[in-house]
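Shown below: work_38.cif, with mmCIF, C-alpha atoms and all ligand atoms.
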```
data_data
#
loop_
_atom_site.label_atom_id
_atom_site.label_comp_id
_atom_site.auth_asym_id
_atom_site.auth_seq_id
_atom_site.Cartn_x
_atom_site.Cartn_y
_atom_site.Cartn_z
CA MET A 1 -62.82 -101.16 114.99
CA ILE A 2 -60.07 -98.53 114.97
CA LYS A 3 -57.05 -100.32 116.42
CA LEU A 4 -54.30 -98.74 118.54
CA ILE A 5 -51.71 -99.92 116.03
CA LYS A 6 -52.40 -100.56 112.38
CA SER A 7 -49.17 -102.00 111.03
CA THR A 8 -45.71 -103.21 111.99
CA PHE A 9 -43.94 -100.67 109.79
CA TYR A 10 -44.54 -97.37 108.08
CA ASN A 11 -44.77 -98.11 104.33
CA GLU A 12 -45.34 -101.71 105.29
CA GLU A 13 -45.54 -103.35 101.86
CA ASP A 14 -42.36 -101.77 100.54
CA THR A 15 -40.52 -102.36 103.83
CA LYS A 16 -41.46 -106.06 103.87
CA LYS A 17 -40.30 -106.46 100.25
CA LYS A 18 -36.95 -104.86 101.04
CA LEU A 19 -36.64 -106.91 104.23
CA THR A 20 -37.27 -110.17 102.34
CA TYR A 21 -34.60 -109.27 99.81
CA PHE A 22 -32.19 -108.30 102.57
CA ILE A 23 -32.67 -111.56 104.48
CA SER A 24 -32.33 -113.69 101.35
CA ASN A 25 -29.01 -112.08 100.46
CA ALA A 26 -27.47 -111.45 103.87
CA THR A 27 -24.37 -113.39 104.88
CA GLN A 28 -24.74 -112.39 108.53
CA LEU A 29 -27.91 -111.89 110.55
CA SER A 30 -26.47 -111.63 114.06
CA PHE A 31 -25.22 -108.21 115.32
CA GLY A 32 -22.98 -106.63 112.68
CA PRO A 33 -22.54 -103.76 110.20
CA GLN A 34 -26.28 -103.03 109.71
CA CYS A 35 -26.64 -102.43 113.46
CA GLN A 36 -23.54 -100.25 113.53
CA GLN A 37 -24.73 -98.24 110.54
CA PHE A 38 -28.09 -97.67 112.22
CA GLU A 39 -26.30 -96.49 115.37
CA LYS A 40 -24.57 -93.81 113.30
CA ASN A 41 -27.78 -92.84 111.51
CA PHE A 42 -29.84 -92.65 114.69
CA ALA A 43 -27.19 -90.68 116.61
CA LYS A 44 -27.22 -88.15 113.77
CA TYR A 45 -31.02 -87.89 113.82
CA GLN A 46 -31.14 -87.53 117.59
CA GLY A 47 -28.27 -85.03 117.57
CA ALA A 48 -26.16 -87.09 120.00
CA LYS A 49 -22.47 -88.03 119.73
CA ASP A 50 -23.14 -91.73 120.11
CA CYS A 51 -25.92 -94.28 120.00
CA VAL A 52 -25.91 -97.85 121.26
CA PHE A 53 -28.54 -100.05 119.61
CA LEU A 54 -30.22 -102.68 121.80
CA ASN A 55 -32.97 -105.25 121.45
CA SER A 56 -35.70 -103.19 123.17
CA GLY A 57 -36.47 -99.95 124.98
CA SER A 58 -36.67 -101.94 128.22
CA SER A 59 -33.18 -103.31 127.53
CA ALA A 60 -31.98 -99.75 126.91
CA ASN A 61 -33.39 -98.74 130.31
CA LEU A 62 -31.72 -101.71 132.01
CA ALA A 63 -28.40 -101.15 130.20
CA ILE A 64 -28.10 -97.45 131.04
CA ILE A 65 -28.78 -98.05 134.73
CA GLN A 66 -26.39 -101.04 134.84
CA ALA A 67 -23.74 -98.92 133.07
CA LEU A 68 -24.11 -96.12 135.65
CA VAL A 69 -23.78 -98.71 138.45
CA ASN A 70 -20.71 -100.29 136.77
CA LEU A 71 -19.11 -96.84 136.50
CA GLY A 72 -19.80 -96.16 140.18
CA LYS A 73 -22.05 -93.19 139.39
CA LEU A 74 -24.88 -95.00 141.19
CA LYS A 75 -24.53 -97.40 144.11
CA PRO A 76 -26.98 -99.93 145.56
CA GLY A 77 -29.09 -98.12 148.15
CA ASP A 78 -29.02 -94.79 146.31
CA ILE A 79 -32.37 -93.08 145.82
CA VAL A 80 -33.32 -92.58 142.18
CA GLY A 81 -36.43 -90.59 141.31
CA PHE A 82 -38.70 -91.61 138.45
CA SER A 83 -41.94 -90.29 136.94
CA ALA A 84 -44.83 -91.96 138.78
CA LEU A 85 -46.80 -92.14 135.52
CA THR A 86 -44.73 -94.28 133.20
CA TRP A 87 -44.14 -97.79 131.87
CA SER A 88 -43.18 -100.69 134.16
CA THR A 89 -39.69 -101.20 132.75
CA ASN A 90 -38.73 -97.64 133.61
CA PRO A 91 -38.55 -98.18 137.42
CA MET A 92 -37.99 -101.97 137.24
CA PRO A 93 -34.24 -101.85 136.45
CA LEU A 94 -33.77 -99.48 139.40
CA ILE A 95 -35.30 -102.04 141.73
CA GLN A 96 -33.53 -104.95 140.05
CA LEU A 97 -30.17 -103.27 140.56
CA GLY A 98 -30.70 -102.51 144.26
CA LEU A 99 -31.52 -98.81 143.91
CA LEU A 100 -34.42 -97.21 145.75
CA ALA A 101 -37.02 -96.14 143.19
CA LEU A 102 -38.78 -92.98 144.40
CA PRO A 103 -41.96 -92.01 142.50
CA ILE A 104 -42.29 -88.33 141.61
CA ASP A 105 -45.73 -86.99 140.80
CA VAL A 106 -46.66 -85.52 137.43
CA GLU A 107 -48.61 -82.35 136.60
CA MET A 108 -52.27 -82.76 135.60
CA SER A 109 -51.85 -80.29 132.76
CA THR A 110 -48.91 -81.97 131.00
CA LEU A 111 -48.96 -85.53 132.41
CA ASN A 112 -45.22 -85.04 132.95
CA VAL A 113 -42.98 -84.18 135.90
CA SER A 114 -42.25 -80.45 136.29
CA SER A 115 -39.28 -78.77 137.98
CA LYS A 116 -41.71 -77.83 140.78
CA LYS A 117 -42.63 -81.47 141.49
CA LEU A 118 -38.97 -82.50 141.24
CA LYS A 119 -37.93 -79.74 143.65
CA GLU A 120 -40.52 -80.86 146.20
CA ALA A 121 -39.03 -84.38 146.06
CA LEU A 122 -35.43 -83.08 146.20
CA ASP A 123 -36.27 -81.07 149.32
CA ARG A 124 -37.46 -84.25 151.05
CA TYR A 125 -35.06 -86.96 149.83
CA PRO A 126 -31.34 -87.20 148.99
CA ILE A 127 -31.92 -88.10 145.34
CA LYS A 128 -28.83 -89.17 143.34
CA ALA A 129 -30.42 -89.48 139.90
CA PHE A 130 -33.70 -88.80 138.17
CA PHE A 131 -34.96 -91.16 135.45
CA LEU A 132 -37.45 -88.82 133.82
CA THR A 133 -40.07 -90.16 131.40
CA ASN A 134 -41.11 -87.91 128.52
CA LEU A 135 -44.67 -89.18 128.37
CA LEU A 136 -46.65 -89.50 125.11
CA GLY A 137 -44.59 -86.89 123.26
CA PHE A 138 -45.22 -84.21 125.90
CA CYS A 139 -42.95 -82.58 128.44
CA ASP A 140 -43.22 -80.01 131.20
CA ASP A 141 -40.41 -77.49 131.86
CA ILE A 142 -37.60 -79.94 131.11
CA ASP A 143 -35.09 -77.08 130.65
CA GLU A 144 -35.70 -76.07 134.28
CA ILE A 145 -35.45 -79.72 135.34
CA ARG A 146 -32.00 -79.79 133.73
CA VAL A 147 -30.96 -76.61 135.58
CA LEU A 148 -32.26 -77.98 138.89
CA CYS A 149 -30.48 -81.33 138.42
CA LYS A 150 -27.19 -79.55 137.69
CA LYS A 151 -27.59 -77.33 140.73
CA ARG A 152 -28.39 -80.22 143.06
CA ASN A 153 -25.84 -82.61 141.55
CA VAL A 154 -28.51 -85.04 140.33
CA LEU A 155 -27.84 -87.22 137.28
CA LEU A 156 -30.62 -86.71 134.75
CA ILE A 157 -31.52 -89.61 132.46
CA GLU A 158 -34.42 -89.39 130.00
CA ASP A 159 -36.70 -92.27 129.06
CA ASN A 160 -37.64 -90.91 125.65
CA CYS A 161 -39.31 -94.10 124.42
CA GLU A 162 -42.56 -92.20 123.71
CA SER A 163 -41.27 -88.83 122.55
CA LEU A 164 -38.98 -89.32 119.59
CA GLY A 165 -38.93 -86.10 117.58
CA THR A 166 -40.57 -83.72 120.06
CA ILE A 167 -38.81 -80.33 120.20
CA TYR A 168 -38.90 -78.10 123.27
CA LYS A 169 -37.32 -74.62 123.11
CA GLY A 170 -35.23 -75.58 120.09
CA GLU A 171 -33.92 -78.86 121.53
CA LYS A 172 -35.06 -82.40 120.83
CA LEU A 173 -36.29 -84.31 123.85
CA GLY A 174 -33.71 -86.96 124.67
CA ASN A 175 -30.87 -84.44 124.74
CA PHE A 176 -31.43 -82.84 128.14
CA GLY A 177 -29.69 -85.36 130.39
CA ILE A 178 -26.54 -87.46 130.49
CA ALA A 179 -28.27 -90.10 128.32
CA SER A 180 -31.67 -91.01 126.91
CA THR A 181 -33.39 -94.20 125.86
CA SER A 182 -35.63 -94.91 122.87
CA SER A 183 -37.92 -97.77 121.87
CA PHE A 184 -38.47 -99.05 118.36
CA TYR A 185 -41.18 -101.53 119.28
CA VAL A 186 -44.15 -101.84 116.91
CA GLY A 187 -46.47 -98.87 117.39
CA HIS A 188 -43.73 -96.51 118.51
CA HIS A 189 -42.70 -93.59 116.28
CA MET A 190 -40.54 -95.94 114.24
CA SER A 191 -40.39 -99.71 114.37
CA THR A 192 -37.59 -102.26 114.06
CA ILE A 193 -40.13 -104.89 115.30
CA GLU A 194 -38.28 -104.99 118.65
CA GLY A 195 -35.48 -102.53 119.35
CA GLY A 196 -34.19 -99.75 121.54
CA ALA A 197 -31.29 -97.36 121.92
CA VAL A 198 -29.22 -95.38 124.38
CA CYS A 199 -28.02 -91.99 123.11
CA THR A 200 -25.38 -89.96 124.89
CA ASN A 201 -22.58 -87.45 124.39
CA ASN A 202 -20.56 -89.16 127.11
CA MET A 203 -18.25 -91.60 125.35
CA SER A 204 -17.13 -93.53 128.43
CA LEU A 205 -20.79 -94.10 129.27
CA ALA A 206 -21.47 -95.28 125.69
CA ASN A 207 -18.50 -97.68 125.96
CA MET A 208 -19.84 -99.08 129.21
CA VAL A 209 -23.32 -99.54 127.67
CA ARG A 210 -21.61 -101.56 124.89
CA ILE A 211 -19.90 -103.70 127.54
CA VAL A 212 -23.23 -104.17 129.33
CA ARG A 213 -25.03 -104.99 126.04
CA ALA A 214 -22.86 -108.01 125.30
CA HIS A 215 -21.71 -110.28 128.11
CA GLY A 216 -19.45 -107.74 129.80
CA TRP A 217 -16.77 -108.12 127.10
CA ASP A 218 -15.09 -105.46 124.94
CA ARG A 219 -15.72 -106.80 121.44
CA ASN A 220 -17.87 -103.91 120.24
CA LEU A 221 -15.53 -101.17 121.45
CA SER A 222 -13.24 -99.35 119.02
CA SER A 223 -9.74 -100.82 118.89
CA ALA A 224 -8.38 -97.75 120.72
CA ASN A 225 -10.85 -98.36 123.55
CA GLN A 226 -10.11 -102.09 123.53
CA ASN A 227 -6.40 -101.32 123.90
CA LYS A 228 -7.15 -98.98 126.80
CA ILE A 229 -9.26 -101.46 128.75
CA ARG A 230 -6.92 -104.38 127.97
CA SER A 231 -3.90 -102.52 129.24
CA LYS A 232 -5.78 -101.35 132.33
CA PHE A 233 -6.61 -104.96 133.20
CA LYS A 234 -3.26 -106.28 131.86
CA VAL A 235 -4.87 -108.54 129.28
CA ASN A 236 -2.03 -109.02 126.80
CA SER A 237 -2.84 -112.28 125.14
CA THR A 238 -5.23 -112.42 122.18
CA PHE A 239 -6.16 -115.90 123.39
CA TYR A 240 -7.81 -114.39 126.50
CA SER A 241 -8.71 -110.90 125.28
CA ARG A 242 -11.81 -112.07 123.44
CA TYR A 243 -12.98 -113.92 126.52
CA THR A 244 -12.31 -111.39 129.24
CA PHE A 245 -15.42 -110.08 130.97
CA TYR A 246 -14.72 -106.64 132.40
CA ASP A 247 -17.95 -105.77 134.15
CA LEU A 248 -21.54 -106.87 134.71
CA GLY A 249 -23.49 -107.36 131.51
CA TYR A 250 -26.24 -109.24 129.72
CA ASN A 251 -26.98 -110.19 126.17
CA LEU A 252 -29.20 -107.36 124.92
CA ARG A 253 -28.02 -107.33 121.31
CA PRO A 254 -30.31 -106.64 118.38
CA THR A 255 -29.93 -108.49 115.06
CA GLU A 256 -29.01 -107.34 111.57
CA ILE A 257 -32.71 -107.56 110.71
CA ASN A 258 -33.43 -104.87 113.30
CA GLY A 259 -30.47 -102.78 112.14
CA PHE A 260 -31.54 -102.96 108.51
CA LEU A 261 -35.10 -101.98 109.44
CA GLY A 262 -33.87 -99.12 111.61
CA SER A 263 -32.02 -97.36 108.82
CA LEU A 264 -34.93 -97.97 106.45
CA GLN A 265 -37.63 -96.66 108.79
CA LEU A 266 -35.50 -93.69 109.84
CA LYS A 267 -35.82 -92.37 106.27
CA TYR A 268 -39.55 -91.87 106.93
CA ILE A 269 -39.28 -90.39 110.41
CA SER A 270 -39.93 -86.75 109.52
CA GLU A 271 -43.00 -87.79 107.50
CA ILE A 272 -44.21 -89.97 110.40
CA VAL A 273 -43.85 -87.33 113.10
CA LYS A 274 -45.52 -84.66 110.95
CA LYS A 275 -48.56 -86.91 110.51
CA ARG A 276 -48.70 -87.75 114.20
CA ASN A 277 -48.48 -84.04 114.99
CA LYS A 278 -51.29 -83.18 112.58
CA ASN A 279 -53.55 -85.97 113.92
CA PHE A 280 -52.93 -84.76 117.45
CA PHE A 281 -53.98 -81.19 116.67
CA THR A 282 -57.08 -82.34 114.79
CA MET A 283 -58.22 -84.37 117.81
CA ALA A 284 -57.06 -81.85 120.44
CA LYS A 285 -58.92 -78.91 118.90
CA ALA A 286 -62.23 -80.75 119.00
CA ILE A 287 -61.93 -83.07 121.99
CA TYR A 288 -60.21 -80.81 124.54
CA SER A 289 -62.90 -78.18 123.94
CA ARG A 290 -65.19 -80.40 126.06
CA THR A 291 -63.86 -78.80 129.24
CA ASP A 292 -66.99 -80.00 131.04
CA ARG A 293 -65.76 -83.59 130.54
CA TYR A 294 -61.98 -83.50 130.40
CA PHE A 295 -59.20 -81.84 132.37
CA PRO A 296 -57.31 -79.33 130.21
CA VAL A 297 -54.08 -80.48 128.57
CA LYS A 298 -51.34 -77.89 128.08
CA TYR A 299 -49.11 -78.28 125.06
CA ASP A 300 -48.62 -74.77 123.62
CA HIS A 301 -45.18 -74.56 125.32
CA ILE A 302 -43.93 -77.38 123.09
CA GLU A 303 -42.32 -76.23 119.83
CA PHE A 304 -43.03 -79.45 117.91
CA LEU A 305 -45.20 -82.13 119.44
CA SER A 306 -44.37 -85.62 118.18
CA ASN A 307 -47.38 -87.26 119.75
CA PHE A 308 -47.34 -90.95 120.69
CA ALA A 309 -51.01 -91.39 121.60
CA PHE A 310 -53.96 -89.10 122.38
CA PRO A 311 -54.80 -88.90 126.11
CA VAL A 312 -57.86 -87.65 127.96
CA VAL A 313 -58.29 -87.39 131.71
CA CYS A 314 -61.99 -87.39 132.57
CA LYS A 315 -63.43 -85.20 135.29
CA SER A 316 -65.01 -88.24 137.00
CA VAL A 317 -64.75 -92.02 136.99
CA ALA A 318 -68.36 -92.12 135.72
CA ILE A 319 -67.42 -90.04 132.64
CA ARG A 320 -64.43 -92.32 131.98
CA ASP A 321 -66.55 -95.48 132.38
CA ALA A 322 -69.20 -94.12 130.01
CA LEU A 323 -66.49 -93.33 127.44
CA VAL A 324 -65.01 -96.83 127.76
CA GLU A 325 -68.47 -98.25 127.11
CA LYS A 326 -69.03 -95.96 124.12
CA CYS A 327 -65.72 -96.94 122.53
CA SER A 328 -66.27 -100.67 122.90
CA ASN A 329 -66.01 -102.43 119.52
CA LYS A 330 -65.49 -99.08 117.81
CA VAL A 331 -62.18 -97.63 118.97
CA GLU A 332 -59.47 -99.49 120.84
CA ILE A 333 -58.53 -97.60 124.03
CA ARG A 334 -56.28 -98.30 127.01
CA PRO A 335 -55.04 -96.82 130.31
CA ILE A 336 -52.52 -93.98 130.05
CA VAL A 337 -49.23 -95.82 129.46
CA GLY A 338 -48.76 -98.12 132.50
CA GLY A 339 -50.72 -95.89 134.88
CA ASP A 340 -49.52 -94.87 138.34
CA MET A 341 -46.62 -97.21 139.11
CA THR A 342 -47.31 -97.08 142.88
CA GLN A 343 -50.64 -98.86 142.23
CA GLN A 344 -48.94 -101.77 140.49
CA PRO A 345 -48.44 -105.08 142.34
CA PHE A 346 -44.71 -105.29 141.47
CA PHE A 347 -44.11 -101.87 143.05
CA LYS A 348 -45.99 -102.67 146.26
CA LYS A 349 -44.12 -105.98 146.51
CA HIS A 350 -40.59 -104.77 145.82
CA MET A 351 -40.57 -101.05 146.75
CA ASN A 352 -43.24 -100.90 149.45
CA MET A 353 -41.22 -98.28 151.39
CA PHE A 354 -42.09 -95.77 148.62
CA ALA A 355 -45.53 -97.13 147.64
CA HIS A 356 -47.37 -94.56 149.78
CA VAL A 357 -45.18 -91.46 149.55
CA LEU A 358 -47.55 -89.83 147.05
CA GLN A 359 -50.92 -89.17 148.63
CA GLN A 360 -53.87 -88.22 146.39
CA SER A 361 -51.45 -87.77 143.56
CA ASN A 362 -52.17 -86.60 140.04
CA ALA A 363 -50.70 -89.90 138.82
CA GLU A 364 -53.35 -91.77 140.80
CA LEU A 365 -56.15 -89.59 139.42
CA ILE A 366 -54.86 -90.08 135.87
CA HIS A 367 -54.66 -93.84 136.56
CA LYS A 368 -58.30 -93.89 137.64
CA GLN A 369 -59.83 -91.39 135.23
CA GLY A 370 -57.60 -91.39 132.18
CA LEU A 371 -57.42 -93.30 128.94
CA TYR A 372 -55.78 -92.97 125.58
CA VAL A 373 -56.61 -93.66 121.99
CA GLY A 374 -53.88 -94.55 119.50
CA ASN A 375 -52.28 -92.03 117.21
CA ASN A 376 -50.50 -93.38 114.18
CA PRO A 377 -49.55 -91.95 110.81
CA GLU A 378 -52.07 -94.17 109.00
CA LEU A 379 -55.17 -92.78 110.72
CA THR A 380 -57.62 -91.61 108.04
CA ALA A 381 -59.69 -88.41 108.14
CA LYS A 382 -62.80 -90.56 108.56
CA GLU A 383 -61.32 -92.43 111.51
CA LEU A 384 -60.29 -89.16 113.14
CA GLN A 385 -63.86 -87.92 112.78
CA THR A 386 -65.21 -91.15 114.32
CA ILE A 387 -62.90 -90.72 117.32
CA ILE A 388 -63.83 -87.05 117.68
CA HIS A 389 -67.53 -87.89 117.49
CA LEU A 390 -67.25 -90.59 120.17
CA PHE A 391 -65.26 -88.35 122.51
CA THR A 392 -67.38 -85.23 122.10
CA SER A 393 -70.98 -86.35 121.56
C1 LIG B 1 -41.98 -94.88 128.60
C2 LIG B 1 -41.57 -96.24 128.13
N1 LIG B 1 -40.39 -96.74 128.53
C3 LIG B 1 -39.98 -97.96 128.13
C4 LIG B 1 -40.75 -98.75 127.29
C5 LIG B 1 -40.25 -100.10 126.89
O1 LIG B 1 -39.97 -100.22 125.53
P1 LIG B 1 -39.98 -101.65 124.82
O2 LIG B 1 -41.40 -102.04 124.61
O3 LIG B 1 -39.25 -101.42 123.53
O4 LIG B 1 -39.27 -102.58 125.71
C6 LIG B 1 -41.98 -98.27 126.86
C7 LIG B 1 -42.82 -99.13 126.00
O5 LIG B 1 -43.83 -98.82 125.48
C8 LIG B 1 -42.42 -97.01 127.29
O6 LIG B 1 -43.61 -96.51 126.91
#
```
Reformat the file's structure so that it appears as structure tokens.
Ligand SMILES: Cc1ncc(COP(=O)(O)O)c(C=O)c1O
Amino acid sequence: MIKLIKSTFYNEEDTKKKLTYFISNATQLSFGPQCQQFEKNFAKYQGAKDCVFLNSGSSANLAIIQALVNLGKLKPGDIVGFSALTWSTNPMPLIQLGLLALPIDVEMSTLNVSSKKLKEALDRYPIKAFFLTNLLGFCDDIDEIRVLCKKRNVLLIEDNCESLGTIYKGEKLGNFGIASTSSFYVGHHMSTIEGGAVCTNNMSLANMVRIVRAHGWDRNLSSANQNKIRSKFKVNSTFYSRYTFYDLGYNLRPTEINGFLGSLQLKYISEIVKKRNKNFFTMAKAIYSRTDRYFPVKYDHIEFLSNFAFPVVCKSVAIRDALVEKCSNKVEIRPIVGGDMTQQPFFKKHMNMFAHVLQQSNAELIHKQGLYVGNNPELTAKELQTIIHLFTS
């Protein structure tokens, strides 16, 4: 059986050895210098001014939305668009924080939202922000999405949990909006077991994410920023300053174990993404040639494709069902990410007003006729051939 995920870490044996040594010798395992070092390293890799490390990609999504609410950039009742084809914890924080989560359909050819689909939604609804998902390492015309958002005064946030390392027109995905989120869960491009991040060039937003990450207090701000916030709120006494809670927060902190792993795994990231890219092209060349079975996937507009998993959208439910049957006990497969969010029970329950705005959508078709097979840097040539054979014969 070819599993979706083969290991917890890239270079697993060596990583586990180093981790064991680190834990045995560490004097602190709760949030500390390893996490802060990883924040610097990851910001540099992403090409962002700042990075805030959190305990999951879902926490990063929650923290960025809470930070925007705390800063008054979003208010309860505001409409926020999101990609209809995504993971549950992309729209969930919107709903949890009293925003109206409006699904925006994706393109069949890229599985991602295009500026055309966004424009259609903007022409119908007063959208304040767009929480775009860069799905599976792909994107559509995200440069045009950025232009459109600027023009219409829409805050653009990227959920880049599946697209670490993809480059579009010379820019890394995750750098097109005001902030982006990443996931370092097992099976993602790099793993810290559990982990996530918010990257941004906006320092007041990064500060607020740090406040949101830990209880609403200021302990992880620089001393200059602590002084600023303390004087704003007239907190003079050191007795109270460590226990003043400035805004709404949670405890979403990672541990030193995650921080240590982050810096270690980041050393392998260019090797990892190159292998994922190569695996993708090997499968794509063979499998997408079966145009009688699968809808075409467009990816030649992407400069470097850091693929997360290999998707196919079958031309009928019968073709998809036959493929599921064929793969059973041979290759582990699953629906494309979390499928069409409007089909999910949580969405119908909590955001019913927008559960039917997309009629006969591409997201629905992909939900019903799509599946994906894992891509990871440890796939062997033989395994790739087995997958190709199953999907083409
Ligand atoms: C697009 C997207 N957003 C968010 C998440 C959540 O990340 P995590 O599992 O680290 O909470 C995932 C997880 O796979 C995802 O695919």
Next on the checklist: Let me make sure I understand: among A:Glu256, A:Glu194, A:Glu378, A:Glu303, which one has the smallest atom-to-atom distance to Gln28 (chain A) if we use only C-alpha atoms?
Outcome noted: A:Glu256
Neighbours of ligand LIG 1 (chain B) within 8 Å, counting all atoms listed in the file, as a PDB file with C-alpha atoms, keeping the file's coordinate frame?
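After the write, out22.pdb holds the following:
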```pdb
ATOM      1  CA  ASN A  55     -32.970-105.250 121.450  1.00  0.00           C
ATOM      2  CA  SER A  56     -35.700-103.190 123.170  1.00  0.00           C
ATOM      3  CA  GLY A  57     -36.470 -99.950 124.980  1.00  0.00           C
ATOM      4  CA  SER A  58     -36.670-101.940 128.220  1.00  0.00           C
ATOM      5  CA  SER A  59     -33.180-103.310 127.530  1.00  0.00           C
ATOM      6  CA  ALA A  60     -31.980 -99.750 126.910  1.00  0.00           C
ATOM      7  CA  ASN A  61     -33.390 -98.740 130.310  1.00  0.00           C
ATOM      8  CA  THR A  86     -44.730 -94.280 133.200  1.00  0.00           C
ATOM      9  CA  TRP A  87     -44.140 -97.790 131.870  1.00  0.00           C
ATOM     10  CA  SER A  88     -43.180-100.690 134.160  1.00  0.00           C
ATOM     11  CA  THR A  89     -39.690-101.200 132.750  1.00  0.00           C
ATOM     12  CA  ASN A  90     -38.730 -97.640 133.610  1.00  0.00           C
ATOM     13  CA  THR A 133     -40.070 -90.160 131.400  1.00  0.00           C
ATOM     14  CA  ASN A 134     -41.110 -87.910 128.520  1.00  0.00           C
ATOM     15  CA  LEU A 135     -44.670 -89.180 128.370  1.00  0.00           C
ATOM     16  CA  LEU A 136     -46.650 -89.500 125.110  1.00  0.00           C
ATOM     17  CA  ASP A 159     -36.700 -92.270 129.060  1.00  0.00           C
ATOM     18  CA  ASN A 160     -37.640 -90.910 125.650  1.00  0.00           C
ATOM     19  CA  CYS A 161     -39.310 -94.100 124.420  1.00  0.00           C
ATOM     20  CA  GLU A 162     -42.560 -92.200 123.710  1.00  0.00           C
ATOM     21  CA  THR A 181     -33.390 -94.200 125.860  1.00  0.00           C
ATOM     22  CA  SER A 182     -35.630 -94.910 122.870  1.00  0.00           C
ATOM     23  CA  SER A 183     -37.920 -97.770 121.870  1.00  0.00           C
ATOM     24  CA  PHE A 184     -38.470 -99.050 118.360  1.00  0.00           C
ATOM     25  CA  TYR A 185     -41.180-101.530 119.280  1.00  0.00           C
ATOM     26  CA  HIS A 188     -43.730 -96.510 118.510  1.00  0.00           C
ATOM     27  CA  GLU A 194     -38.280-104.990 118.650  1.00  0.00           C
ATOM     28  CA  GLY A 195     -35.480-102.530 119.350  1.00  0.00           C
ATOM     29  CA  GLY A 196     -34.190 -99.750 121.540  1.00  0.00           C
ATOM     30  CA  VAL A 337     -49.230 -95.820 129.460  1.00  0.00           C
ATOM     31  CA  GLY A 338     -48.760 -98.120 132.500  1.00  0.00           C
TER      32      GLY A 338
END
```
Per residue of region 2-65 of chain A within 9 Å of region 164-180 of chain A, which atom pair is closest and at what distance in Å (one decimal), using only C-alpha atoms, listed by chain and increasing number, as a Markdown table?
```
| residue | atom | partner | partner_atom | distance |
| --- | --- | --- | --- | --- |
| A:Tyr45 | CA | A:Gly165 | CA | 8.9 |
| A:Gln46 | CA | A:Lys172 | CA | 7.2 |
| A:Gly47 | CA | A:Asn175 | CA | 7.6 |
| A:Ala48 | CA | A:Asn175 | CA | 7.2 |
| A:Ala60 | CA | A:Ser180 | CA | 8.7 |
| A:Asn61 | CA | A:Ser180 | CA | 8.6 |
| A:Ile64 | CA | A:Ala179 | CA | 7.8 |
```
Checklist entry - Using all atoms listed in the file, can you list as a PyMOL selection string the residues within 12 Å of (-27.7, -98.0, 134.9)? => result chain A and resi 58-76+78+80+90-99+129-131+155-158+178-181+198+205-206+208-209+212-213+248-249
Next on the checklist: Counting only C-alpha atoms, which residue out of A:Ser306, A:Gln343, A:Ser191, A:Ser223 sits closest to Gly262 (chain A)?
Outcome noted: A:Ser191
Next on the checklist: Excluding region 353-358 of chain A and its own-chain neighbours fewer than 3 positions away, which residues fall within 7 Å of it when counting all atoms listed in the file? Please give them as a PyMOL selection string.
Outcome noted: chain A and resi 102+342+347-348+361
